[in-house]
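What follows is the content of work-v4.csv (CSV, C-alpha atoms and all ligand atoms).
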```csv
chain,number,residue,atom,x,y,z
A,13,MET,CA,113.1,109.0,13.2
A,14,LEU,CA,112.2,105.6,14.7
A,15,ALA,CA,113.8,102.4,13.5
A,16,ALA,CA,111.6,99.3,13.3
A,17,THR,CA,114.3,97.0,14.5
A,18,ASN,CA,116.1,96.0,17.7
A,19,ASN,CA,118.8,94.2,15.8
A,20,LYS,CA,122.0,95.9,17.1
A,21,HIS,CA,124.0,95.2,13.9
A,22,LYS,CA,121.4,96.9,11.7
A,23,LEU,CA,121.0,99.8,14.2
A,24,ILE,CA,124.6,100.6,14.2
A,25,GLU,CA,124.7,100.7,10.4
A,26,LEU,CA,121.5,102.6,10.1
A,27,LYS,CA,122.5,105.2,12.7
A,28,ALA,CA,125.9,105.8,11.2
A,29,ILE,CA,124.5,106.7,7.7
A,30,LEU,CA,121.4,108.5,8.8
A,31,SER,CA,123.4,110.7,11.2
A,32,THR,CA,125.2,112.1,8.1
A,33,LEU,CA,121.8,113.3,6.9
A,34,GLY,CA,121.1,115.0,10.2
A,35,ILE,CA,118.6,112.4,11.1
A,36,GLU,CA,118.7,111.2,14.7
A,37,LEU,CA,117.6,107.6,14.8
A,38,LYS,CA,116.0,105.9,17.8
A,39,SER,CA,115.5,102.2,18.3
A,40,MET,CA,112.1,100.9,19.4
A,41,SER,CA,113.5,100.1,22.8
A,42,GLU,CA,115.0,103.6,23.1
A,43,ALA,CA,111.6,105.1,22.2
A,44,GLY,CA,109.8,102.7,24.6
A,45,VAL,CA,107.6,101.1,21.9
A,46,ARG,CA,107.3,97.6,20.7
A,47,VAL,CA,105.7,96.8,17.3
A,48,GLU,CA,106.2,93.4,15.7
A,49,PRO,CA,103.9,93.0,12.7
A,50,GLU,CA,103.8,89.6,10.9
A,51,GLU,CA,106.2,89.8,8.0
A,52,THR,CA,103.7,88.4,5.5
A,53,GLY,CA,105.2,89.9,2.3
A,54,THR,CA,106.7,87.9,-0.5
A,55,THR,CA,109.4,90.4,-1.2
A,56,PHE,CA,112.0,92.3,0.9
A,57,ALA,CA,110.3,95.6,-0.2
A,58,GLU,CA,106.9,94.5,1.0
A,59,ASN,CA,108.2,93.4,4.4
A,60,ALA,CA,110.1,96.6,4.9
A,61,LYS,CA,107.0,98.6,4.1
A,62,ILE,CA,104.8,96.4,6.5
A,63,LYS,CA,107.3,97.1,9.4
A,64,ALA,CA,107.8,100.9,8.7
A,65,MET,CA,104.0,101.5,8.3
A,66,ALA,CA,103.2,99.5,11.5
A,67,LEU,CA,105.6,101.6,13.5
A,68,TYR,CA,104.4,104.9,11.9
A,69,GLU,CA,100.7,104.0,12.6
A,70,ALA,CA,101.5,103.0,16.2
A,71,THR,CA,103.4,106.2,17.1
A,72,GLY,CA,102.6,108.9,14.5
A,73,GLN,CA,106.3,109.5,14.1
A,74,ALA,CA,108.5,109.1,11.0
A,75,SER,CA,109.7,105.5,10.9
A,76,VAL,CA,112.2,103.5,8.9
A,77,ALA,CA,112.6,99.7,8.4
A,78,ASP,CA,115.0,97.4,6.7
A,79,ASP,CA,114.3,93.9,5.5
A,80,SER,CA,117.1,91.9,4.2
A,81,GLY,CA,118.3,88.4,3.4
A,82,LEU,CA,120.3,86.1,1.2
A,83,ALA,CA,119.0,84.9,-2.2
A,84,VAL,CA,120.9,81.9,-3.6
A,85,ASP,CA,120.9,81.4,-7.4
A,86,ALA,CA,120.9,77.6,-7.3
A,87,LEU,CA,117.9,77.6,-4.9
A,88,ASP,CA,115.8,80.0,-7.1
A,89,GLY,CA,116.3,82.9,-4.7
A,90,ALA,CA,115.8,80.9,-1.4
A,91,PRO,CA,116.0,81.4,1.5
A,92,GLY,CA,115.1,85.0,0.5
A,93,VAL,CA,112.5,86.6,2.8
A,94,TYR,CA,112.8,83.5,5.0
A,95,SER,CA,116.5,84.0,5.6
A,96,ALA,CA,116.0,84.7,9.4
A,97,ARG,CA,113.7,81.7,9.7
A,98,TYR,CA,115.4,79.2,7.4
A,99,GLY,CA,115.1,75.7,8.9
A,100,GLY,CA,112.5,76.8,11.5
A,101,GLU,CA,112.6,78.7,14.8
A,102,GLY,CA,114.9,76.3,16.6
A,103,LEU,CA,118.1,77.1,14.6
A,104,ASP,CA,120.6,79.9,15.3
A,105,ASP,CA,122.9,81.6,12.8
A,106,ALA,CA,125.4,78.7,12.8
A,107,GLY,CA,122.6,76.1,12.4
A,108,ARG,CA,121.0,78.0,9.5
A,109,THR,CA,124.4,78.3,7.8
A,110,ALA,CA,125.1,74.6,8.2
A,111,LEU,CA,121.7,73.7,6.8
A,112,LEU,CA,122.2,75.9,3.8
A,113,LEU,CA,125.7,74.4,3.1
A,114,LYS,CA,124.1,70.9,3.4
A,115,ASN,CA,121.4,71.9,0.9
A,116,LEU,CA,124.1,73.1,-1.5
A,117,SER,CA,126.5,70.2,-1.1
A,118,ASP,CA,125.9,69.0,-4.7
A,119,VAL,CA,126.3,72.5,-6.2
A,120,PRO,CA,129.8,72.9,-7.6
A,121,LYS,CA,132.1,75.9,-7.6
A,122,GLY,CA,131.1,78.3,-10.3
A,123,ARG,CA,127.3,77.7,-9.7
A,124,ARG,CA,127.3,78.9,-6.1
A,125,GLY,CA,126.3,82.5,-6.9
A,126,ALA,CA,124.2,84.4,-4.4
A,127,LYS,CA,123.3,87.9,-3.4
A,128,PHE,CA,122.4,89.8,-0.2
A,129,VAL,CA,119.5,92.1,-0.6
A,130,SER,CA,118.4,95.0,1.6
A,131,ALA,CA,115.1,96.9,1.1
A,132,ILE,CA,114.6,100.0,3.1
A,133,CYS,CA,111.3,101.8,3.6
A,134,ALA,CA,110.8,105.0,5.5
A,135,VAL,CA,107.5,106.7,6.2
A,136,LEU,CA,108.3,110.5,6.6
A,137,ASP,CA,106.4,112.9,9.0
A,138,ASP,CA,103.9,113.8,6.3
A,139,GLY,CA,103.1,110.1,5.6
A,140,SER,CA,105.0,110.0,2.3
A,141,LEU,CA,107.2,106.9,1.5
A,142,ILE,CA,110.8,106.4,0.5
A,143,GLU,CA,111.4,102.9,-0.8
A,144,VAL,CA,114.9,101.8,-2.0
A,145,GLU,CA,117.0,98.6,-2.4
A,146,GLY,CA,120.6,97.6,-2.4
A,147,GLU,CA,122.4,94.4,-3.2
A,148,VAL,CA,125.8,92.8,-3.2
A,149,ARG,CA,126.7,89.7,-5.2
A,150,GLY,CA,129.1,86.9,-4.1
A,151,GLU,CA,129.8,83.2,-4.1
A,152,LEU,CA,128.9,80.7,-1.3
A,153,LEU,CA,131.9,78.9,0.2
A,154,PHE,CA,131.9,75.2,1.1
A,155,GLU,CA,132.6,75.8,4.7
A,156,PRO,CA,132.4,78.8,7.1
A,157,ASP,CA,135.4,81.1,7.0
A,158,GLY,CA,135.9,83.9,9.6
A,159,THR,CA,134.2,84.8,12.8
A,160,ASP,CA,133.1,88.4,12.5
A,161,GLY,CA,129.8,89.7,11.3
A,162,PHE,CA,126.5,87.8,11.7
A,163,GLY,CA,124.0,85.6,9.9
A,164,TYR,CA,125.4,84.1,6.7
A,165,ASP,CA,128.6,86.3,6.7
A,166,PRO,CA,131.0,83.3,7.2
A,167,ILE,CA,129.9,81.5,4.0
A,168,PHE,CA,129.5,84.6,1.8
A,169,TYR,CA,132.7,85.2,-0.3
A,170,CYS,CA,132.7,88.8,-1.6
A,171,PRO,CA,134.9,89.1,-4.8
A,172,GLU,CA,135.1,92.9,-4.3
A,173,LEU,CA,136.8,92.4,-1.0
A,174,GLY,CA,138.6,89.1,-1.8
A,175,CYS,CA,137.4,87.4,1.4
A,176,SER,CA,134.3,86.3,3.2
A,177,PHE,CA,132.1,88.9,4.9
A,178,ALA,CA,133.1,87.3,8.2
A,179,ARG,CA,136.8,88.0,7.5
A,180,ALA,CA,136.2,91.6,6.4
A,181,LEU,CA,136.7,94.6,8.7
A,182,PRO,CA,133.3,96.2,9.6
A,183,GLU,CA,134.3,99.3,7.6
A,184,GLU,CA,135.2,97.2,4.6
A,185,LYS,CA,131.8,95.3,4.7
A,186,ASN,CA,130.0,98.6,5.3
A,187,ARG,CA,131.6,100.0,2.1
A,188,VAL,CA,130.1,97.3,-0.2
A,189,SER,CA,127.2,95.7,1.6
A,190,HIS,CA,123.6,95.5,0.4
A,191,ARG,CA,122.5,97.6,3.4
A,192,ALA,CA,125.2,100.3,2.8
A,193,ARG,CA,124.1,100.5,-0.8
A,194,ALA,CA,120.4,100.7,0.1
A,195,LEU,CA,121.3,103.4,2.6
A,196,GLU,CA,123.2,105.3,-0.1
A,197,ALA,CA,120.1,105.2,-2.3
A,198,PHE,CA,118.0,106.3,0.7
A,199,ALA,CA,120.3,109.2,1.4
A,200,ALA,CA,120.1,110.4,-2.2
A,201,GLU,CA,116.3,110.2,-2.3
A,202,TYR,CA,116.0,111.9,1.1
A,203,LYS,CA,118.1,114.8,0.0
A,204,LYS,CA,116.0,115.2,-3.1
A,205,ARG,CA,112.8,115.3,-1.1
A,206,ILE,CA,114.2,117.9,1.3
A,207,GLU,CA,115.4,120.1,-1.6
A,208,THR,CA,112.0,119.8,-3.3
A,209,ASN,CA,110.2,120.7,-0.1
A,210,ASP,CA,112.5,123.7,0.4
A,211,HIS,CA,111.7,125.0,-3.1
A,212,GLU,CA,107.9,124.6,-2.7
B,1,LIG,P1,115.4,90.4,8.7
B,1,LIG,O1,115.7,90.9,10.1
B,1,LIG,O2,114.0,89.9,8.5
B,1,LIG,O3,115.8,91.5,7.7
B,1,LIG,O4,116.3,89.2,8.4
B,1,LIG,C1,117.5,89.2,7.9
B,1,LIG,C2,118.3,87.9,7.9
B,1,LIG,O5,119.0,87.8,6.7
B,1,LIG,C3,119.3,87.8,9.0
B,1,LIG,O6,118.8,87.1,10.1
B,1,LIG,C4,120.4,87.1,8.4
B,1,LIG,O7,120.3,85.7,8.5
B,1,LIG,C5,120.4,87.5,6.9
B,1,LIG,N1,121.2,88.7,6.7
B,1,LIG,C6,120.8,89.9,6.3
B,1,LIG,N2,121.8,90.8,6.2
B,1,LIG,C7,122.9,90.0,6.4
B,1,LIG,C8,124.3,90.4,6.5
B,1,LIG,O8,124.7,91.5,6.2
B,1,LIG,N3,125.1,89.4,6.8
B,1,LIG,C9,124.7,88.1,7.0
B,1,LIG,N4,123.4,87.7,7.0
B,1,LIG,C10,122.5,88.7,6.7
```

Taking this structure as input, can you express it in the form of structure tokens?
Ligand code: IMP
Amino acid sequence: MLAATNNKHKLIELKAILSTLGIELKSMSEAGVRVEPEETGTTFAENAKIKAMALYEATGQASVADDSGLAVDALDGAPGVYSARYGGEGLDDAGRTALLLKNLSDVPKGRRGAKFVSAICAVLDDGSLIEVEGEVRGELLFEPDGTDGFGYDPIFYCPELGCSFARALPEEKNRVSHRARALEAFAAEYKKRIETNDHE
């Protein structure tokens, strides 16, 4: 199966879980293809589908895509599908995190709820779709804490782990993260499909 991403963090997580299902995942660069459709969807699910369909149509091979981001309660779900582009192209992860903290400077503790969401869409060999989502809720800190992870991890306090995602060990984050949960849902649905096909 091909993965519609070259983000190495996502690839590692996707490969680890999909290998337990006997699926060998290849990145676009490993497969020698490059497909970058415009992410015009207004939801994570729409964007995941756009990316998976574009890769399937370009290669004729089963393809999977993830679209994810951070939805902040006090900002009505922003940055949401714009998480990777928050503040414009010129910013890096630290710049986007600083901008978000600035935009939340008036929001007190107790009203800083947020969630990471991951939508996964796979187009299987026969063209049928599997679409699932996972999320993890937390609180946004007032300043970055920790240096591991990526993106908004340093400002996302996860109550289940008792620390920010950037302070958690990778295996701890992978136990509770939005992407891990979406992948669990994906695994369950994939197994169901295989069983149904075997019985037909
Ligand atoms: P995507 O590549 O369009 O799915 O963009 C996802 C963006 O959301 C990333 O660039 C990060 O800013 C943010 N994001 C998604 N998942 C995570 C995570 O696990 N930790 C921190 N930031 C994340």

List every residue of chain A that has an atom at most 6 Å from any atom of ligand LIG 1 (chain B), giving for each one its closest atom pair and the distance in Å to one decimal, counting only C-alpha atoms and all ligand atoms, sorted by chain and then by ascending residue number, as CSV.
```
residue,atom,partner,partner_atom,distance
A:Asp79,CA,B:LIG1,O3,3.6
A:Ser80,CA,B:LIG1,O3,3.8
A:Gly81,CA,B:LIG1,O5,3.4
A:Leu82,CA,B:LIG1,C5,5.9
A:Ser95,CA,B:LIG1,O5,4.7
A:Ala96,CA,B:LIG1,O6,3.8
A:Phe162,CA,B:LIG1,C9,5.0
A:Gly163,CA,B:LIG1,N4,3.6
A:Tyr164,CA,B:LIG1,C9,4.1
A:Asp165,CA,B:LIG1,C9,4.3
```

* **Selected residue, from A:Leu26, A:Ile206, A:Ala199, A:Ala60, that lies nearest to A:Val93 when counting all atoms listed in the file** =>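 The closest residue to A:Val93 is A:Ala60.
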
Write out as a tab-separated table the residues of stretch 118-210 of chain A that have any atom within 10 Å of an atom of stretch 70-76 of chain A, one row each with the nearest atom pair and its distance in Å to one decimal, counting only C-alpha atoms, sorted by chain and then rising number.
```
residue	atom	partner	partner_atom	distance
A:Ile132	CA	A:Val76	CA	7.2
A:Cys133	CA	A:Val76	CA	5.6
A:Ala134	CA	A:Val76	CA	4.0
A:Val135	CA	A:Ser75	CA	5.3
A:Leu136	CA	A:Ala74	CA	4.6
A:Asp137	CA	A:Ala74	CA	4.8
A:Asp138	CA	A:Ala74	CA	8.1
A:Gly139	CA	A:Ala74	CA	7.7
A:Ser140	CA	A:Ala74	CA	9.4
A:Leu141	CA	A:Val76	CA	9.6
A:Ile142	CA	A:Val76	CA	9.0
A:Glu143	CA	A:Val76	CA	9.8
```

* To do: Quote the spacing between atom CA of A:Ile62 and atom CA of A:Met13 in Å to one decimal place.
  => 16.5 Å

* What gap, in Å, lies between atom CA of A:Leu112 and atom CA of A:Leu152? ->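 Atom CA of A:Leu152 lies at a distance of 9.7 Å from atom CA of A:Leu112.
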
* Find, counting only C-alpha atoms, the residue in A:Lys20, A:Thr54, A:Leu173, A:Gly122 that gets nearest to A:Gly89. => A:Thr54

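Across the model, the gap from atom CA of A:Glu151 to atom CA of A:Asp78 is 23.2 Å.
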
* Would you kindly return, as a PyMOL selection string, each protein, DNA or RNA residue with an atom no farther than 12 Å from any atom of A:Ala77, considering all atoms listed in the file and excluding same-chain residues fewer than 3 positions away? => chain A and resi 13-19+22-23+26+37-40+47-49+51+56-68+74+80+130-136+141-145+191+194-195+198

* Which residue out of A:Arg123, A:Val45, A:Gly107, A:Asp118 has the minimum interatomic distance to A:Glu69 when all atoms listed in the file are used? -> A:Val45

* Asked: A:Leu87, A:Ala192, A:Ala106, A:Ala43: which is nearest A:Arg124, counting only C-alpha atoms?
  ->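 Nearest to A:Arg124: A:Leu87.
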